[in-house]
Each structure stands twice: as C-alpha cells, then as structure tokens.
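Source file: start12.cif; contents: mmCIF, C-alpha atoms and all ligand atoms.
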data_upload
loop_
_atom_site.label_atom_id
_atom_site.label_comp_id
_atom_site.auth_asym_id
_atom_site.auth_seq_id
_atom_site.Cartn_x
_atom_site.Cartn_y
_atom_site.Cartn_z
CA MET A 1 127.14 101.61 129.61
CA LYS A 2 127.86 98.54 131.71
CA GLU A 3 126.30 95.37 130.34
CA GLU A 4 125.13 94.15 133.77
CA LEU A 5 123.32 97.41 134.34
CA VAL A 6 121.43 97.08 131.06
CA LYS A 7 120.49 93.50 131.91
CA LYS A 8 119.40 94.39 135.43
CA ALA A 9 117.19 97.21 134.20
CA TYR A 10 115.77 94.95 131.50
CA ASP A 11 114.81 92.25 134.01
CA ILE A 12 112.88 94.81 136.03
CA ALA A 13 111.22 96.15 132.87
CA LEU A 14 110.27 92.63 131.82
CA GLU A 15 108.38 92.17 135.11
CA ARG A 16 106.81 95.60 134.98
CA TYR A 17 105.50 95.02 131.46
CA ALA A 18 104.29 91.52 132.34
CA ALA A 19 102.11 93.15 135.02
CA VAL A 20 100.17 94.97 132.27
CA GLY A 21 100.03 91.92 130.02
CA VAL A 22 102.93 92.80 127.71
CA ASP A 23 105.79 90.50 126.75
CA ALA A 24 108.87 92.71 126.27
CA ASN A 25 110.85 89.85 124.73
CA GLU A 26 108.22 89.55 122.04
CA ALA A 27 108.37 93.30 121.43
CA ILE A 28 112.13 93.05 120.87
CA GLU A 29 111.64 90.19 118.41
CA LYS A 30 109.12 92.24 116.45
CA LEU A 31 111.30 95.35 116.45
CA GLN A 32 114.15 93.26 115.10
CA LYS A 33 112.07 92.56 112.00
CA ILE A 34 111.36 96.24 111.26
CA SER A 35 113.68 97.51 108.53
CA LEU A 36 113.92 101.21 107.93
CA SER A 37 114.66 102.45 104.44
CA LEU A 38 117.55 104.87 104.98
CA HIS A 39 117.46 107.76 102.52
CA CYS A 40 120.79 108.13 100.71
CA TRP A 41 120.30 111.88 100.31
CA GLN A 42 120.99 112.89 103.95
CA ALA A 43 124.69 112.10 103.34
CA ASP A 44 125.19 114.76 100.66
CA ASP A 45 122.33 117.27 100.98
CA VAL A 46 120.42 115.77 98.00
CA THR A 47 123.27 116.43 95.56
CA GLY A 48 123.76 113.07 93.83
CA PHE A 49 126.32 112.16 91.17
CA GLU A 50 124.68 113.28 87.95
CA ASN A 51 125.67 116.91 88.29
CA PRO A 52 127.48 117.39 91.64
CA ASP A 53 127.90 121.14 91.04
CA GLY A 54 124.23 121.73 90.19
CA GLN A 55 121.65 123.49 92.31
CA LEU A 56 118.90 121.72 94.22
CA SER A 57 115.52 122.64 92.73
CA GLY A 58 111.94 121.36 92.93
CA GLY A 59 110.76 123.36 95.92
CA ILE A 60 113.00 121.56 98.42
CA GLN A 61 115.99 122.97 100.24
CA ALA A 62 118.84 121.57 102.34
CA THR A 63 119.89 124.40 104.63
CA GLY A 64 123.18 124.60 106.51
CA ASN A 65 126.82 124.25 105.68
CA HIS A 66 128.25 121.72 108.11
CA PRO A 67 131.60 120.52 106.75
CA GLY A 68 132.20 117.00 105.54
CA LYS A 69 129.38 116.10 103.19
CA ALA A 70 129.96 113.06 100.98
CA ARG A 71 131.40 114.19 97.64
CA ASN A 72 131.37 110.96 95.69
CA ILE A 73 129.96 107.46 95.66
CA GLU A 74 132.75 106.00 97.83
CA GLU A 75 132.32 108.61 100.54
CA LEU A 76 128.56 108.26 100.48
CA ARG A 77 128.79 104.48 100.88
CA GLN A 78 131.35 104.81 103.64
CA ASP A 79 129.17 107.28 105.55
CA ILE A 80 126.05 105.19 105.19
CA LEU A 81 127.81 102.11 106.52
CA LYS A 82 129.18 104.16 109.40
CA ALA A 83 125.69 105.42 110.25
CA ALA A 84 124.21 101.93 109.92
CA SER A 85 126.76 100.62 112.41
CA TYR A 86 125.08 102.72 115.13
CA ILE A 87 121.52 101.76 114.21
CA PRO A 88 120.30 98.45 115.63
CA GLY A 89 118.77 95.96 113.19
CA THR A 90 118.96 95.34 109.45
CA HIS A 91 117.98 98.20 107.20
CA ARG A 92 117.43 99.12 103.57
CA LEU A 93 118.89 101.90 101.49
CA ASN A 94 116.70 104.22 99.45
CA LEU A 95 118.44 105.56 96.33
CA HIS A 96 117.45 108.42 94.07
CA ALA A 97 117.93 108.07 90.31
CA THR A 98 120.61 110.78 90.40
CA TYR A 99 122.84 108.60 92.60
CA GLY A 100 123.82 106.16 89.84
CA ASP A 101 127.36 104.97 89.28
CA PHE A 102 127.78 106.96 86.07
CA GLY A 103 131.55 106.50 85.87
CA GLY A 104 132.20 110.23 85.65
CA LYS A 105 130.12 110.60 82.45
CA PHE A 106 126.94 112.65 82.09
CA VAL A 107 124.01 110.29 81.67
CA ASP A 108 120.75 112.14 81.13
CA ARG A 109 117.63 111.12 83.02
CA ASP A 110 116.00 109.61 79.93
CA GLU A 111 119.05 107.38 79.42
CA ILE A 112 119.52 105.75 82.83
CA GLU A 113 119.63 101.96 82.89
CA PRO A 114 120.01 99.15 85.42
CA LYS A 115 123.73 98.96 84.56
CA HIS A 116 124.22 102.36 86.20
CA PHE A 117 123.04 100.85 89.47
CA GLN A 118 124.75 97.46 89.22
CA SER A 119 127.57 98.43 91.57
CA TRP A 120 124.98 99.64 94.10
CA MET A 121 123.19 96.29 93.91
CA GLU A 122 126.43 94.42 94.51
CA TRP A 123 127.55 96.76 97.28
CA ALA A 124 124.17 96.45 99.00
CA LYS A 125 124.30 92.66 98.79
CA GLU A 126 127.81 92.57 100.23
CA ASN A 127 126.64 94.70 103.12
CA GLY A 128 123.39 92.84 103.80
CA MET A 129 121.16 95.69 102.63
CA LYS A 130 118.17 95.74 100.29
CA LEU A 131 117.58 98.70 97.98
CA ASP A 132 114.61 100.95 97.31
CA PHE A 133 114.47 103.53 94.54
CA ASN A 134 113.09 106.94 93.49
CA SER A 135 112.73 108.64 90.15
CA THR A 136 114.20 112.17 90.25
CA SER A 137 112.34 114.99 88.56
CA PHE A 138 114.05 117.90 90.30
CA SER A 139 117.46 119.61 89.82
CA HIS A 140 117.49 119.28 86.01
CA PRO A 141 117.25 121.89 83.21
CA LYS A 142 113.91 120.34 82.19
CA SER A 143 112.50 120.35 85.74
CA GLY A 144 110.86 123.77 85.54
CA SER A 145 107.61 123.96 87.41
CA LEU A 146 105.88 121.11 85.54
CA THR A 147 107.18 117.66 84.61
CA LEU A 148 104.67 114.80 84.27
CA GLY A 149 101.86 117.38 84.27
CA ASN A 150 103.45 119.55 81.60
CA PRO A 151 101.33 120.50 78.54
CA ASP A 152 104.54 120.58 76.47
CA ASN A 153 104.70 117.06 75.05
CA ASP A 154 108.49 117.02 74.64
CA ILE A 155 109.06 117.84 78.28
CA ARG A 156 106.31 115.54 79.53
CA ASN A 157 107.58 112.65 77.39
CA PHE A 158 111.10 113.19 78.67
CA TRP A 159 109.88 112.71 82.25
CA ILE A 160 107.63 109.78 81.28
CA GLU A 161 110.67 108.09 79.79
CA HIS A 162 112.73 108.84 82.91
CA THR A 163 110.07 107.39 85.19
CA LYS A 164 109.59 104.29 83.03
CA ARG A 165 113.33 103.71 83.15
CA SER A 166 113.34 104.23 86.91
CA ARG A 167 110.72 101.49 87.26
CA ALA A 168 112.82 99.16 85.11
CA ILE A 169 115.80 99.86 87.37
CA ALA A 170 113.70 99.16 90.47
CA GLU A 171 112.57 95.89 88.87
CA ALA A 172 116.22 94.90 88.24
CA MET A 173 117.09 95.73 91.84
CA GLY A 174 114.15 93.69 93.15
CA GLN A 175 115.16 90.75 91.00
CA PHE A 176 118.79 90.98 92.06
CA GLN A 177 118.03 91.17 95.76
CA GLY A 178 115.19 88.62 95.74
CA ASP A 179 112.90 91.11 97.46
CA PRO A 180 110.64 93.77 95.93
CA CYS A 181 112.25 97.16 95.49
CA ILE A 182 109.87 99.94 96.48
CA MET A 183 109.91 102.71 93.91
CA ASN A 184 108.67 106.10 94.98
CA LEU A 185 107.43 108.70 92.55
CA TRP A 186 107.43 112.27 93.76
CA ILE A 187 107.26 115.23 91.42
CA HIS A 188 107.32 118.87 92.42
CA ASP A 189 104.84 120.04 89.75
CA GLY A 190 102.98 123.11 90.90
CA SER A 191 102.48 126.80 90.67
CA LYS A 192 103.78 129.74 92.67
CA ASP A 193 100.68 131.81 92.12
CA GLN A 194 97.06 131.14 91.31
CA THR A 195 96.45 128.92 88.33
CA VAL A 196 93.31 128.83 86.26
CA ASN A 197 94.11 125.37 84.87
CA ARG A 198 94.03 123.06 87.90
CA LEU A 199 92.14 120.32 86.11
CA ARG A 200 94.31 120.40 82.97
CA TYR A 201 97.60 119.66 84.78
CA ARG A 202 95.98 116.93 86.86
CA GLU A 203 94.50 115.34 83.74
CA LEU A 204 97.96 115.34 82.21
CA LEU A 205 99.54 113.84 85.33
CA LYS A 206 96.89 111.11 85.35
CA GLN A 207 97.60 110.34 81.67
CA SER A 208 101.34 110.24 82.33
CA LEU A 209 100.89 107.87 85.27
CA ASP A 210 98.62 105.57 83.25
CA GLU A 211 101.32 105.38 80.58
CA ILE A 212 104.12 104.87 83.11
CA PHE A 213 102.30 102.13 85.01
CA ALA A 214 101.16 100.26 81.87
CA THR A 215 104.13 97.89 82.23
CA LYS A 216 103.54 95.35 84.98
CA TYR A 217 106.47 94.15 87.04
CA ASP A 218 106.81 91.39 89.65
CA ASN A 219 109.87 92.54 91.58
CA MET A 220 109.08 96.15 92.29
CA LYS A 221 106.24 98.02 93.95
CA ASP A 222 105.12 101.52 93.03
CA CYS A 223 104.25 104.26 95.44
CA ILE A 224 103.10 107.80 94.72
CA GLU A 225 103.94 110.69 97.04
CA ALA A 226 101.67 113.67 97.53
CA LYS A 227 102.66 117.08 98.83
CA LEU A 228 100.92 120.17 100.11
CA PHE A 229 103.26 122.76 98.58
CA GLY A 230 106.87 123.47 97.73
CA ILE A 231 109.04 126.58 97.88
CA GLY A 232 108.12 128.59 94.81
CA ALA A 233 105.05 126.42 94.30
CA GLU A 234 102.93 127.65 97.17
CA SER A 235 99.56 128.05 95.49
CA TYR A 236 98.99 124.74 93.76
CA THR A 237 100.47 121.26 93.70
CA VAL A 238 99.41 118.99 90.84
CA GLY A 239 100.12 115.80 92.84
CA SER A 240 98.09 116.71 95.90
CA TYR A 241 96.96 114.21 98.52
CA ASP A 242 93.42 114.01 97.08
CA PHE A 243 94.87 113.37 93.65
CA TYR A 244 97.12 110.49 94.70
CA LEU A 245 94.65 109.03 97.16
CA GLY A 246 92.14 108.83 94.31
CA TYR A 247 94.71 107.46 91.87
CA GLY A 248 96.15 104.98 94.36
CA SER A 249 92.83 103.56 95.49
CA LYS A 250 91.54 103.23 91.94
CA ASN A 251 94.74 101.74 90.53
CA ASN A 252 95.92 99.71 93.49
CA LYS A 253 99.05 101.75 94.12
CA MET A 254 100.64 102.57 97.44
CA VAL A 255 100.35 106.15 98.60
CA THR A 256 103.43 107.60 100.27
CA LEU A 257 102.71 109.54 103.42
CA ASP A 258 105.52 112.02 103.97
CA THR A 259 104.94 113.39 107.45
CA GLY A 260 106.09 116.83 106.27
CA HIS A 261 103.61 117.08 103.43
CA PHE A 262 100.41 117.99 105.21
CA HIS A 263 98.92 120.89 107.11
CA LEU A 264 100.83 121.08 110.38
CA THR A 265 97.85 120.20 112.56
CA GLU A 266 96.74 117.28 110.38
CA SER A 267 97.22 113.83 111.95
CA ILE A 268 99.16 111.50 109.67
CA ALA A 269 98.51 108.67 112.13
CA ASP A 270 94.79 108.95 111.46
CA LYS A 271 95.32 108.28 107.75
CA ILE A 272 96.77 104.79 108.29
CA SER A 273 93.55 102.92 109.04
CA SER A 274 91.76 104.46 106.04
CA LEU A 275 94.58 103.82 103.57
CA LEU A 276 94.83 100.22 104.74
CA LEU A 277 91.25 99.66 103.64
CA PHE A 278 91.62 101.09 100.15
CA THR A 279 95.24 100.81 99.01
CA PRO A 280 97.49 97.71 98.95
CA GLU A 281 100.24 98.84 101.33
CA ILE A 282 101.63 102.12 102.63
CA MET A 283 104.98 103.84 102.22
CA LEU A 284 106.10 106.32 104.85
CA HIS A 285 108.58 109.15 104.62
CA VAL A 286 109.22 109.91 108.25
CA SER A 287 110.38 113.49 108.64
CA ARG A 288 109.88 116.43 111.00
CA PRO A 289 108.22 119.55 109.67
CA ILE A 290 108.95 122.75 111.59
CA ARG A 291 106.41 125.36 110.49
CA TRP A 292 106.64 123.96 106.95
CA ASP A 293 108.06 120.89 105.17
CA SER A 294 111.47 121.76 106.58
CA ASP A 295 112.79 118.18 106.60
CA HIS A 296 114.33 118.41 110.06
CA VAL A 297 115.81 115.27 111.58
CA THR A 298 113.11 112.97 112.96
CA ILE A 299 112.85 112.91 116.73
CA MET A 300 110.75 110.95 119.19
CA ASN A 301 107.93 113.48 119.26
CA ASP A 302 104.20 112.99 119.66
CA ASP A 303 103.58 112.93 115.90
CA THR A 304 106.04 110.11 115.26
CA LEU A 305 104.89 108.21 118.36
CA ASP A 306 101.24 108.49 117.31
CA LEU A 307 102.09 107.26 113.84
CA ALA A 308 104.11 104.26 115.04
CA LYS A 309 101.54 103.32 117.68
CA GLU A 310 98.73 103.51 115.15
CA ILE A 311 100.57 101.20 112.73
CA VAL A 312 101.11 98.66 115.51
CA ARG A 313 97.50 98.99 116.70
CA CYS A 314 96.32 98.29 113.14
CA GLY A 315 98.52 95.17 113.05
CA ALA A 316 99.99 96.62 109.86
CA LEU A 317 103.74 96.26 110.33
CA ASP A 318 103.90 93.93 107.33
CA LYS A 319 101.98 96.39 105.14
CA VAL A 320 103.83 99.59 105.97
CA HIS A 321 107.25 100.42 104.54
CA ILE A 322 109.12 102.85 106.74
CA GLY A 323 111.33 105.23 104.80
CA LEU A 324 113.05 108.25 106.30
CA ASP A 325 113.11 111.58 104.52
CA TYR A 326 114.95 114.51 106.00
CA PHE A 327 118.06 116.43 105.02
CA ASP A 328 119.73 118.64 107.55
CA ALA A 329 122.98 120.17 106.28
CA SER A 330 123.58 122.13 109.49
CA ILE A 331 124.73 119.24 111.69
CA ASN A 332 126.92 116.17 111.38
CA ARG A 333 125.19 114.16 108.67
CA ILE A 334 126.05 110.72 110.03
CA GLY A 335 124.71 111.88 113.38
CA ALA A 336 121.52 113.00 111.62
CA TYR A 337 120.98 109.50 110.22
CA VAL A 338 121.60 107.89 113.59
CA VAL A 339 119.42 110.22 115.67
CA GLY A 340 116.49 110.05 113.22
CA SER A 341 116.66 106.30 112.73
CA ARG A 342 116.96 105.49 116.41
CA ALA A 343 114.14 107.91 117.24
CA THR A 344 111.88 106.18 114.69
CA GLN A 345 112.74 102.77 116.13
CA LYS A 346 112.08 104.00 119.68
CA CYS A 347 108.61 105.09 118.59
CA PHE A 348 107.85 101.69 117.10
CA LEU A 349 109.17 99.98 120.22
CA GLN A 350 106.79 101.99 122.36
CA GLY A 351 103.97 100.95 120.05
CA LEU A 352 104.98 97.32 120.45
CA LEU A 353 105.06 97.69 124.24
CA GLU A 354 101.61 99.20 124.53
CA PRO A 355 99.23 97.22 126.79
CA ILE A 356 96.80 97.02 123.90
CA ALA A 357 94.75 94.03 125.11
CA LYS A 358 93.87 95.74 128.37
CA LEU A 359 93.24 99.08 126.64
CA ARG A 360 90.86 97.44 124.17
CA GLU A 361 89.11 95.61 126.98
CA TYR A 362 88.52 98.92 128.77
CA GLU A 363 87.23 100.49 125.58
CA ALA A 364 84.88 97.60 124.84
CA ASN A 365 83.46 97.92 128.36
CA ASP A 366 83.04 101.67 128.04
CA GLN A 367 85.56 102.15 130.87
CA LEU A 368 86.87 105.39 129.46
CA PHE A 369 88.57 106.78 132.54
CA GLU A 370 90.45 103.47 132.86
CA ARG A 371 91.48 103.60 129.19
CA LEU A 372 92.80 107.15 129.54
CA ALA A 373 94.60 106.35 132.79
CA LEU A 374 96.39 103.32 131.33
CA LEU A 375 97.30 105.23 128.18
CA GLU A 376 98.90 107.88 130.37
CA GLU A 377 100.66 105.43 132.68
CA SER A 378 102.00 103.41 129.77
CA LYS A 379 103.89 106.47 128.53
CA THR A 380 106.23 106.20 131.51
CA LEU A 381 106.66 102.44 131.65
CA PRO A 382 110.37 101.56 131.37
CA TRP A 383 110.51 101.24 127.58
CA ASN A 384 114.03 102.73 127.59
CA ALA A 385 115.37 99.68 129.44
CA VAL A 386 113.95 97.53 126.63
CA TRP A 387 115.52 99.86 124.05
CA ASP A 388 118.93 99.57 125.73
CA MET A 389 118.62 95.79 125.70
CA PHE A 390 117.70 95.90 122.00
CA CYS A 391 120.85 97.93 121.28
CA LEU A 392 122.98 95.60 123.39
CA LYS A 393 121.62 92.54 121.58
CA ASN A 394 122.40 94.19 118.26
CA ASN A 395 125.89 95.09 119.31
CA VAL A 396 125.44 98.81 118.71
CA PRO A 397 126.18 101.58 121.22
CA VAL A 398 123.76 101.74 124.15
CA GLY A 399 122.43 105.18 125.06
CA GLU A 400 124.37 108.29 124.08
CA THR A 401 127.71 106.50 123.69
CA PHE A 402 127.47 106.82 119.88
CA ILE A 403 128.06 110.58 120.19
CA SER A 404 131.78 110.26 120.89
CA GLU A 405 132.15 107.64 118.17
CA ILE A 406 130.57 109.94 115.58
CA GLN A 407 132.77 112.78 116.82
CA LYS A 408 135.79 110.56 116.25
CA TYR A 409 134.67 109.77 112.69
CA GLU A 410 134.20 113.48 112.10
CA GLN A 411 137.69 114.28 113.35
CA GLU A 412 139.36 111.46 111.45
CA VAL A 413 137.34 111.37 108.24
CA THR A 414 134.63 113.87 107.34
CA SER A 415 136.37 117.03 108.61
CA LYS A 416 139.28 116.27 106.26
CA ARG A 417 137.10 116.40 103.13
C1 LIG B 501 114.40 113.83 97.98
C2 LIG B 501 113.05 113.22 98.15
O1 LIG B 501 112.62 112.48 97.12
C3 LIG B 501 112.06 114.26 98.45
O2 LIG B 501 112.35 114.66 99.75
C4 LIG B 501 110.59 113.87 98.37
O3 LIG B 501 110.34 112.60 98.86
C5 LIG B 501 109.92 114.90 99.15
O4 LIG B 501 109.49 114.62 100.23
C6 LIG B 501 109.83 116.28 98.63
O5 LIG B 501 109.36 117.14 99.54
MN MN B 502 109.29 112.61 100.92
#
So, in terms of structure tokens, how does the structure I just supplied come out?
Amino acid sequence: MKEELVKKAYDIALERYAAVGVDANEAIEKLQKISLSLHCWQADDVTGFENPDGQLSGGIQATGNHPGKARNIEELRQDILKAASYIPGTHRLNLHATYGDFGGKFVDRDEIEPKHFQSWMEWAKENGMKLDFNSTSFSHPKSGSLTLGNPDNDIRNFWIEHTKRSRAIAEAMGQFQGDPCIMNLWIHDGSKDQTVNRLRYRELLKQSLDEIFATKYDNMKDCIEAKLFGIGAESYTVGSYDFYLGYGSKNNKMVTLDTGHFHLTESIADKISSLLLFTPEIMLHVSRPIRWDSDHVTIMNDDTLDLAKEIVRCGALDKVHIGLDYFDASINRIGAYVVGSRATQKCFLQGLLEPIAKLREYEANDQLFERLALLEESKTLPWNAVWDMFCLKNNVPVGETFISEIQKYEQEVTSKR
C-alpha cells in the first residue's frame, strides 16, 4: 500500500479519535510495548525434537496435512523468524521442553538440562527475542492418563523430576536474557469415563506441585494452566480451573487462561478482573475454540476483542503475559502465526483506542443509553488506519500484502521440504 495513503488515513483517524478524547499516537506507543509470546509448536504441529516420529498424545490434536512443516531445529528457527518479520513489534518465543537442542541423541524428560537449551538462548539473543518455557508431559511412554496426579510413585516422581528440571531451565533462560522466563505447567491428567477417585488425584497433584515449587527462583515465573477436558479424557480433568484457581491464589502463582479451555459460552474476559485481585499476574494462551478446544488460529472475533479490551480497561497490560496457543496443520503454518498474531494485536489496539474516559463518565452519571451508543460507535472508528500506521512504523507489510510474501516463501522454501 502507498505510504502517503497510510499517512493520510492516519491523520484523519488521529482527528477522529481526538474528538472522542483518545490520543492515537499514545495508543501506538502502548501497542509497541506489548510483546506476544509466540508458541514454537505451530511450526511443526507440536512434534518437537525429542522423538520426531512419535505420536502426539495428551488429549490434543493437530489436524491437517499441509506440506512444509518444520522438520528440525534449523527449519523451525527459520520459519519463526520469517513469521516474526511480518508481525509488527518485538516478541517472545515460547518453547516446550521437547524442543531442546539434543544433538540427535535421545534425552529423556527426567534428564533435560539448561545445556540442551543453550543454543536457543543464544539464538534468541541474536534475534532480539526473549524466551518462555513449558514442561511437556504429553507424547511420552510414561504420559498415560495420569502424570503428576498418578498414584504410581515411580511415574509421578518421573514427572516431578521433569517439571523441576523444566523450572531450572526456565531459571537459566531468565538469567541469560536478563528478564524473567515465564514457565507454564500444563498436564493432561484426566479420565475418559467416570472416576470414583476425584479427590485422590487432585490431592496427589497438589502434593506434586508443592514439591515442584519448593525451590524458589528469581529469574523465572510459574504459571499453571487449567483445562475443561481433553480428547480421551472427557469426564474428568485433575487440573481443572477450580483446582488451579485455588492453588494459584493460595500459593501466589499465575493462572494461565487458555481461551479454548472453558465452556464455549463462558467469558474469559470476565475472569481477568477477579484473577488480578487474587493472583500475582496472568498468563494467557490466546486460541480459538470451535465447538471444542480445537486450537484454531486466533482471529479478531468478539471473544478476543472482549478479552483485550478488558485487560486494557483494567490497566493490566503490565500484569498480563500474552501467549498464543493454536496449532493448525491444515494451512500454511507461517501464515497461521502471522494471522493469529496480527489479529491479537489488532484486538489490543482497539482496546487502547477505546474512549474509556467518556464511557466511564457516562457510566458514573447513570447515562446508560449514552454509554451503549458510544460503545457501539467506537466499534467503527477508524482503528484500521491506526493499525496500518503501526505496521508502517514497524516496517512490516501493511494490510494483506504479506499474503504474497508468505506464498513466495512457501514456493521457495517450505514446499520443497
Ligand atoms: C502444547 C501446549 O502446551 C498445549 O496446547 C497446552 O497449553 C494446552 O493448551 C493443551 O490443551
Ligand atoms: Mn494452552
């Protein structure tokens, strides 16, 4: 798109927003400071490098067979950098424990060490990225249906050891990058059919977590991710939302809100203000559930807009970590990163452009028609002109022009894999 056109539209938008008391320049400055944590697993359908021929387990599924998935660490890094080049701003990379640089050797989960992630730390530094981390309890012979909540001590201790080591790796990453590494703990533990031992498994999970979190670190932050159900674990999930909300608020741990992990009509946006009062910070996994936790690519839909607007309204941008979590294997994977990331940023931009002072004034004066009218009108204010300017300033493609560039990368690189 022509630069003058973007600038012209932006000047008009600036005036239009000023009329409702909003400074669009300030919104751009704030958006610039929002870093997304890009999930490494969209590039290779959650395969990783521990056992590239293994099957994905743990109640999650990457469906589709689009050619060109990353097959090794070099390809994954190349694809992530390519995707990042179309996403305005500076972003983080979220690694799973199975994505270590294992040098072609099998390193079991209870043996992983910071050295297996050293090359990631250096690569991230070279490319101006910070790292986040996840323990990995799925896709392993000992995954079964119970890990940290398993009554079998050998299996439970194996996963405790893995998670302790994952925290030590996150600590090393945080130290290396001079910025806390956020470590997410999600386990799939659950039951396909009715269980008569709900309390037992939750007691065990609580004991495991207490043991895992006994070591205090300064350069990493823990977060615990709840889920409603998984495939093959439809009747019961040990780490439910109630469980982690209780654990997190009692033990000062962040709760991860994965937008695909709740009943479909539940508002994730409404959880933000409550969590902010009882837990230290919040981690998000922004996704798009279609009928279930299908992990479709995030789009600019009402759910994501509501969530972003609520975070801005709460003044909580510095307390909320925004990770993405989807894995669509049916479309170009670099395109999936770009569409989902840009959609998330567009939602936050609209939150930042909301005429909140006027809306709050109306509400305080009980002017409820006026509040509703302005909320409606603000949906069609020219936020897209501000978005285009943000892209221009960041030297990334404006509008849909990234489509042809990703097509070119597909023709020249990924289709040849
Ligand atoms: C691969 C991720 O860790 C996983 O998606 C987890 O965060 C999740 O959301 C499981 O449904
Ligand atoms: Mn998730």
Residue neighbourhood Phe158 (chain A), 9 Å, all atoms listed in the file, exclusion window fewer than 6 positions, as a ChimeraX atom specification:
/A:109-110,142,147-148
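With only C-alpha atoms and all ligand atoms counted, the chains near ligand MN 502 (chain B) contribute these residues within 6 Å: Asp258, His285 and Asp325 of chain A.
When all atoms listed in the file are used to measure the gap to ligand LIG 501 (chain B), the shortest distance among A:Asp108, A:Asp242, A:Glu74, A:Asp328 belongs to A:Asp328.
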If you count all atoms listed in the file, which residues end up within 8 Å of ligand LIG 501 (chain B), as a PyMOL selection string?
chain A and resi 41+46+58-60+96+134-136+184-188+225+227+230+258+260-261+285+293+295+325-327
Find the residues around Phe133 (chain A) up to 12 Å (all atoms listed in the file counted), leave out those fewer than 3 positions away in its own chain, and share them as a PyMOL selection string.
chain A and resi 37-41+92-100+114+117+120-121+130+136+163+165-174+180-186+220-223+323
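CA of Phe348 (chain A) lies 8.8 Å from CA of Thr304 (chain A).
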Region 177-181 of chain A, all listed atoms, 3 Å padding on each side: what axis-aligned box centre and edge lengths in Å to one decimal come out, as JSON?
{"center_x": 114.3, "center_y": 92.9, "center_z": 96.5, "size_x": 13.4, "size_y": 14.5, "size_z": 8.0}
Give me, please, the distance in Å between CA of Pro52 (chain A) and CA of Phe138 (chain A), quoted to one decimal.
13.5 Å
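Between CA of Asp45 (chain A) and CA of Arg333 (chain A) the interatomic distance comes to 8.8 Å.
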All residues 8 Å or closer to Lys206 (chain A), only C-alpha atoms, same chain fewer than 4 positions away omitted, as an mmCIF file with C-alpha atoms, in the frame of the given file:
data_model
loop_
_atom_site.group_PDB
_atom_site.id
_atom_site.type_symbol
_atom_site.label_atom_id
_atom_site.label_comp_id
_atom_site.auth_asym_id
_atom_site.auth_seq_id
_atom_site.Cartn_x
_atom_site.Cartn_y
_atom_site.Cartn_z
ATOM 1 C CA ARG A 202 95.980 116.930 86.860
ATOM 2 C CA ASP A 210 98.620 105.570 83.250
ATOM 3 C CA TYR A 247 94.710 107.460 91.870
#
Protein and nucleic acid residues near (118.2, 100.2, 126.9) (cut-off 10 Å, only C-alpha atoms) as a ChimeraX atom specification
/A:1,5-7,9-10,382-393,397-399
If you keep C-alpha atoms, can you produce a file of those selected residues as a PDB file, keeping the file's coordinate frame?
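The resulting file, again_12.pdb, is reproduced below:
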ATOM      1  CA  MET A   1     127.140 101.610 129.610  1.00  0.00           C
ATOM      2  CA  LEU A   5     123.320  97.410 134.340  1.00  0.00           C
ATOM      3  CA  VAL A   6     121.430  97.080 131.060  1.00  0.00           C
ATOM      4  CA  LYS A   7     120.490  93.500 131.910  1.00  0.00           C
ATOM      5  CA  ALA A   9     117.190  97.210 134.200  1.00  0.00           C
ATOM      6  CA  TYR A  10     115.770  94.950 131.500  1.00  0.00           C
ATOM      7  CA  PRO A 382     110.370 101.560 131.370  1.00  0.00           C
ATOM      8  CA  TRP A 383     110.510 101.240 127.580  1.00  0.00           C
ATOM      9  CA  ASN A 384     114.030 102.730 127.590  1.00  0.00           C
ATOM     10  CA  ALA A 385     115.370  99.680 129.440  1.00  0.00           C
ATOM     11  CA  VAL A 386     113.950  97.530 126.630  1.00  0.00           C
ATOM     12  CA  TRP A 387     115.520  99.860 124.050  1.00  0.00           C
ATOM     13  CA  ASP A 388     118.930  99.570 125.730  1.00  0.00           C
ATOM     14  CA  MET A 389     118.620  95.790 125.700  1.00  0.00           C
ATOM     15  CA  PHE A 390     117.700  95.900 122.000  1.00  0.00           C
ATOM     16  CA  CYS A 391     120.850  97.930 121.280  1.00  0.00           C
ATOM     17  CA  LEU A 392     122.980  95.600 123.390  1.00  0.00           C
ATOM     18  CA  LYS A 393     121.620  92.540 121.580  1.00  0.00           C
ATOM     19  CA  PRO A 397     126.180 101.580 121.220  1.00  0.00           C
ATOM     20  CA  VAL A 398     123.760 101.740 124.150  1.00  0.00           C
ATOM     21  CA  GLY A 399     122.430 105.180 125.060  1.00  0.00           C
TER      22      GLY A 399
END
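For the set A:Ile212, A:Met129, A:Ile356, A:Ile224, the residue with the smallest atom-to-atom gap to Ser240 (chain A) is A:Ile224, counting only C-alpha atoms.
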Fewer than 4 positions away in the same chain doesn't count, so skip those; otherwise give me all residues within 12 Å of region 192-200 of chain A, counting all atoms listed in the file, as an mmCIF file with C-alpha atoms, keeping the file's coordinate frame.
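Output below, filename result21.cif:
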data_model
loop_
_atom_site.group_PDB
_atom_site.id
_atom_site.type_symbol
_atom_site.label_atom_id
_atom_site.label_comp_id
_atom_site.auth_asym_id
_atom_site.auth_seq_id
_atom_site.Cartn_x
_atom_site.Cartn_y
_atom_site.Cartn_z
ATOM 1 C CA GLY A 58 111.940 121.360 92.930
ATOM 2 C CA GLY A 59 110.760 123.360 95.920
ATOM 3 C CA GLY A 144 110.860 123.770 85.540
ATOM 4 C CA SER A 145 107.610 123.960 87.410
ATOM 5 C CA LEU A 146 105.880 121.110 85.540
ATOM 6 C CA LEU A 148 104.670 114.800 84.270
ATOM 7 C CA GLY A 149 101.860 117.380 84.270
ATOM 8 C CA ASN A 150 103.450 119.550 81.600
ATOM 9 C CA PRO A 151 101.330 120.500 78.540
ATOM 10 C CA HIS A 188 107.320 118.870 92.420
ATOM 11 C CA LEU A 204 97.960 115.340 82.210
ATOM 12 C CA LEU A 205 99.540 113.840 85.330
ATOM 13 C CA LYS A 206 96.890 111.110 85.350
ATOM 14 C CA GLN A 207 97.600 110.340 81.670
ATOM 15 C CA PHE A 229 103.260 122.760 98.580
ATOM 16 C CA GLY A 230 106.870 123.470 97.730
ATOM 17 C CA ILE A 231 109.040 126.580 97.880
ATOM 18 C CA GLY A 232 108.120 128.590 94.810
ATOM 19 C CA ALA A 233 105.050 126.420 94.300
ATOM 20 C CA GLU A 234 102.930 127.650 97.170
ATOM 21 C CA SER A 235 99.560 128.050 95.490
ATOM 22 C CA TYR A 236 98.990 124.740 93.760
ATOM 23 C CA THR A 237 100.470 121.260 93.700
ATOM 24 C CA VAL A 238 99.410 118.990 90.840
ATOM 25 C CA GLY A 239 100.120 115.800 92.840
ATOM 26 C CA SER A 240 98.090 116.710 95.900
ATOM 27 C CA PHE A 243 94.870 113.370 93.650
#
Contacts of region 401-412 of chain A at 10 Å (only C-alpha atoms; same-chain gap of 3+ positions) as a PyMOL selection string
chain A and resi 1+67-68+79+82-83+85-87+332-335+338-339+396-398+415-417
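Within 10 Å of the point (95.7, 100.7, 93.8), and counting all atoms listed in the file, the protein, DNA and RNA residues are Asp222, Cys223, Tyr244, Leu245, Gly246, Tyr247, Gly248, Ser249, Lys250, Asn251, Asn252, Lys253, Met254, Val255, Phe278, Thr279, Pro280 and Glu281 of chain A.
Between Phe102 (chain A) and the candidates A:Leu349, A:Ile73, A:Ala226, A:Ala24, the tightest atom-to-atom separation, counting only C-alpha atoms, involves A:Ile73.
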Shortest contact to Asn51 (chain A), candidates A:Ser139, A:Ser294, A:Gln32, A:Asn127, atoms counted all atoms listed in the file, goes to A:Ser139
